[in-house]
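Enquirer: Below you will find the structure I want to go over with you.
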Amino acid sequence: MGGFPNEDNHPLNSNPFEVTPEMEKFLCERLMDKNQPIAERFRALFSLRNLRGTAPRTALILATRDPSNLLAHEAAFALGQMQDADAIPALVAVLNDLSLHPIVRHEAAEALGAIGLESNLPLLKESLASDPAQEVRETCELALSRIKELDDAKSNGDTSSLEPSPFLSVDPAAPASCSSVPHLREVLLSEEKGMYERYAALFALRNNGGEEAISAIIESLGANSALLRHEVAYVLGQLQNKKASDALSMTLRNTNEHPMVRHEAAEALGSIADDQCIALLEEFAKDTEPIVSQSCEVALSMLEYERSGKSFEFLFMPAPQTEQVL
């Protein structure tokens with residue numbers, strides 16, 4: 001799962017923003033400019049995902065091949081959140097390109113699930129059977145289940161699983177209908193349950209948001225699956241509950257942890273943003289793993305903009321002349 005939790009406050013599937021051709025061109029160029037700091041390129045990416053059309057889509061597709069695995073995976077995530085069917089061929093190519101980092105290919109698979117078309121099923125089944133990376137295979141499993149659930153819901157006239165998340169994100173699984181926190185905890189922590197069922201329990205606990213639910217989510221940071229652990233960290237960032245700070249800090253500090261989990265922990269700490277979290281982000285902005293260090297850098301930049309009363313996204317700033325946007 002990509003996405004910085006603070007950015008989920010902006011709906012991705014609402015009407016597109018009206019921007020000038022000059023601003024659109026500026027955003028595309030800024031995203032692709034490798035000489036820009038990573039945080040500035042993320043500002044452009046977060047702005048472009050609120051747009052529609054050929055130029056924003058093309059820029060995001062090109063970004064899925066960026067040398068920065070963090071930026072590349074975020075671009076794939078954005079295309080999925082936009083539910084842009086025209087991006088499917090490019091996402092399929094990313095998923096099938098074994099030279100790319102698993103975090104990028106995982107995000108391409110998740111994006112195909114988010115777009116939700118039945119035509120994506122055969123290629124997801126193929127990757128589920130053959131991909132060498134466990135996190136990618138598990139993502140394909142999730143995407144297949146999500147698409148099938150969407151198809152079943154449409155056939156049965158059941159719109160409950162089609163309702164948008166209260167966190168304005170297109171989630172990899174619909175929340176479980178069960179409301180019992182002890183039962184949801186049991187499902188989430190069970191290594192015997194399927195990945196989709198565990199994800200569904202996770203999102204149901206997130207939507208509950210109570211102290212018992214949050215404790216269960218924190219406990220699941222010990223799950224065997226790196227994919228599930230990374231989603232748990234992402235959800236804790238969405239919840240922005242300080243109770244999770246210690247567990248997320250331990251995750252970020254653990255250099256033996258999968259980079260995709262550590263990077264989500266960093267982003268979650270940025271959304272909690274107390275003094276302890278900020279100090280840790282500053283420390284790990286120098287981490288030897290670029291996915292982690294860049295996550296910390298972007299999170300710190302977002303906090304700086306927020307504290308100065310400015311928006312991190314270009315599209316939410318007062319409209320200056322393009323050449324004055326810095």
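For the structure tokens, the naming scheme is as follows: chains receive sequential letters (A, B, ...) according to their order of presentation, residues are indexed from 1 within each chain, and ligands are indexed from 1 in presentation order.
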Please produce, as a tab-separated table, a per-residue contact table for region 164-207 of chain A versus region 235-253 of chain A (criterion: any atom at most 10 Å away, only C-alpha atoms considered), showing the nearest atom pair and its distance in Å to one decimal, sorted by chain then residue number.
Expert:
```
residue	atom	partner	partner_atom	distance
A:Phe167	CA	A:Gln238	CA	7.4
A:Ser169	CA	A:Gln238	CA	9.9
A:Leu202	CA	A:Val235	CA	8.2
A:Phe203	CA	A:Val235	CA	7.9
A:Leu205	CA	A:Val235	CA	9.7
A:Arg206	CA	A:Val235	CA	6.8
A:Asn207	CA	A:Leu239	CA	9.0
```
Enquirer: Quick one: of A:Ser130, A:Ser308, A:Gln83, A:Asn96, who's nearest to Ala114 (chain A), counting only C-alpha atoms?
Expert: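 Counting only C-alpha atoms, the residue closest to Ala114 (chain A) is A:Gln83.
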Enquirer: What does the distance between CA of Val92 (chain A) and CA of Arg52 (chain A) come to in Å, to one decimal place?
Expert: 20.0 Å
Enquirer: Please give the complete set of residues from region 116-226 of chain A that DSSP, run on the backbone, assigns to alpha helix (DSSP H), formatted as a PyMOL selection string.
Expert: chain A and resi 121-130+134-156+181-189+195-208+211-219+226
Enquirer: Name all residues at most 10 Å from region 24-36 of chain A (count only C-alpha atoms; drop same-chain ones fewer than 4 positions away) and give them as a PyMOL selection string.
Expert: chain A and resi 18-20+40-48+51+55-60+62-63+66-68+71+75+314-315+322-323+325
Enquirer: Give me a file of those residues, with C-alpha atoms, as a PDB file, in the first residue's frame.
Expert:
```pdb
ATOM      1  CA  GLU A  18      -9.470  22.672 -13.205  1.00  0.00           C
ATOM      2  CA  VAL A  19      -5.864  23.619 -13.885  1.00  0.00           C
ATOM      3  CA  THR A  20      -4.199  25.662 -16.549  1.00  0.00           C
ATOM      4  CA  GLU A  40       9.261  18.188  -4.272  1.00  0.00           C
ATOM      5  CA  ARG A  41       8.632  15.378  -6.722  1.00  0.00           C
ATOM      6  CA  PHE A  42       6.116  13.893  -4.275  1.00  0.00           C
ATOM      7  CA  ARG A  43       4.342  17.257  -4.111  1.00  0.00           C
ATOM      8  CA  ALA A  44       3.888  17.056  -7.869  1.00  0.00           C
ATOM      9  CA  LEU A  45       2.769  13.426  -7.681  1.00  0.00           C
ATOM     10  CA  PHE A  46       0.138  14.162  -5.014  1.00  0.00           C
ATOM     11  CA  SER A  47      -1.150  17.007  -7.174  1.00  0.00           C
ATOM     12  CA  LEU A  48      -1.260  14.981 -10.386  1.00  0.00           C
ATOM     13  CA  LEU A  51      -6.223  15.297 -12.168  1.00  0.00           C
ATOM     14  CA  ALA A  55      -0.721  14.109 -19.581  1.00  0.00           C
ATOM     15  CA  PRO A  56      -1.123  13.337 -15.833  1.00  0.00           C
ATOM     16  CA  ARG A  57      -1.608   9.630 -16.577  1.00  0.00           C
ATOM     17  CA  THR A  58       1.449   9.505 -18.831  1.00  0.00           C
ATOM     18  CA  ALA A  59       3.610  11.283 -16.251  1.00  0.00           C
ATOM     19  CA  LEU A  60       2.532   8.876 -13.499  1.00  0.00           C
ATOM     20  CA  LEU A  62       6.619   7.113 -16.574  1.00  0.00           C
ATOM     21  CA  ALA A  63       7.227   7.604 -12.856  1.00  0.00           C
ATOM     22  CA  ASP A  66      11.771   5.898 -11.794  1.00  0.00           C
ATOM     23  CA  PRO A  67      15.102   4.959 -10.135  1.00  0.00           C
ATOM     24  CA  SER A  68      13.507   5.882  -6.807  1.00  0.00           C
ATOM     25  CA  LEU A  71       8.444   7.308  -6.005  1.00  0.00           C
ATOM     26  CA  ALA A  75       3.005   6.442  -8.796  1.00  0.00           C
ATOM     27  CA  PHE A 314       0.682  22.421  -5.419  1.00  0.00           C
ATOM     28  CA  LEU A 315      -3.012  22.273  -6.353  1.00  0.00           C
ATOM     29  CA  THR A 322       3.850  28.747 -12.883  1.00  0.00           C
ATOM     30  CA  GLU A 323       7.405  30.053 -12.928  1.00  0.00           C
ATOM     31  CA  VAL A 325       6.008  27.954  -7.894  1.00  0.00           C
TER      32      VAL A 325
END
```
Enquirer: With distances taken over only C-alpha atoms, which of A:Asn256, A:Arg137, A:Arg146, A:Leu303 is nearest to Asp275 (chain A)?
Expert: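 Under the stated criterion, the closest residue is A:Leu303.
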Enquirer: Can you tell me which residues surround Val298 (chain A) at a distance of at most 6 Å, considering only C-alpha atoms, apart from same-chain residues fewer than 3 positions away, and format the answer as a PyMOL selection string?
Expert: chain A and resi 39+295+301
Enquirer: Any chance you can output those residues with N, CA and C atoms as a PDB file, in the first residue's frame?
Expert:
```pdb
ATOM      1  N   ALA A  39      11.070  15.129  -2.013  1.00  0.00           N
ATOM      2  CA  ALA A  39       9.835  15.686  -1.456  1.00  0.00           C
ATOM      3  C   ALA A  39       9.123  16.580  -2.459  1.00  0.00           C
ATOM      4  N   SER A 295      11.316   8.060   2.579  1.00  0.00           N
ATOM      5  CA  SER A 295      10.024   8.149   3.274  1.00  0.00           C
ATOM      6  C   SER A 295      10.119   9.148   4.422  1.00  0.00           C
ATOM      7  N   SER A 301       9.121  16.793   5.289  1.00  0.00           N
ATOM      8  CA  SER A 301       8.762  17.927   4.443  1.00  0.00           C
ATOM      9  C   SER A 301       7.265  18.230   4.538  1.00  0.00           C
TER      10      SER A 301
END
```
Enquirer: Identify, on the basis of only C-alpha atoms, every residue whose closest approach to Glu192 (chain A) does not exceed 12 Å; exclude the query and any residue fewer than 4 positions from it along the same chain; express the result as a PyMOL selection string.
Expert: chain A and resi 186-188+196-198+223-225
Enquirer: Just checking: using only C-alpha atoms, which residue out of A:Arg185, A:Lys193, A:Arg49, A:Arg65 ends up closest to Leu79 (chain A)?
Expert: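 Among A:Arg185, A:Lys193, A:Arg49, A:Arg65, it is A:Arg49 that comes nearest to Leu79 (chain A).
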Enquirer: Out of A:Ala266, A:Cys277, A:Met23, A:Ala176, which residue has the shortest atom-to-atom distance to Glu297 (chain A) when counting only C-alpha atoms?
Expert: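 Nearest candidate to Glu297 (chain A) out of A:Ala266, A:Cys277, A:Met23, A:Ala176: A:Ala266.
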Enquirer: I need the residue nearest Pro122 (chain A) from this list: A:Leu144, A:Val170, A:Ala153, A:Ala216. Use only C-alpha atoms for the distance.
Expert: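 Ranking A:Leu144, A:Val170, A:Ala153, A:Ala216 by distance to Pro122 (chain A), first place goes to A:Leu144.
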Enquirer: Measure the distance from CA of Glu135 (chain A) to CA of Leu269 (chain A) in Å and round it to one decimal.
Expert: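 Taking CA of Glu135 (chain A) as the start and CA of Leu269 (chain A) as the end point, the length is 22.8 Å.
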Enquirer: Counting only C-alpha atoms, figure out which residue out of A:Ile103, A:Val232, A:Ala133, A:Leu91 gets nearest to His73 (chain A).
Expert: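 Closest residue, counting only C-alpha atoms: A:Ile103.
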Enquirer: Which neighbours of Ala90 (chain A) fall inside 9 Å, counting only C-alpha atoms, when residues of the same chain fewer than 6 positions from it are skipped, and could you give them as a list in words?
Expert: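 The filter keeps Ile61, Thr64 and Ala108 of chain A.
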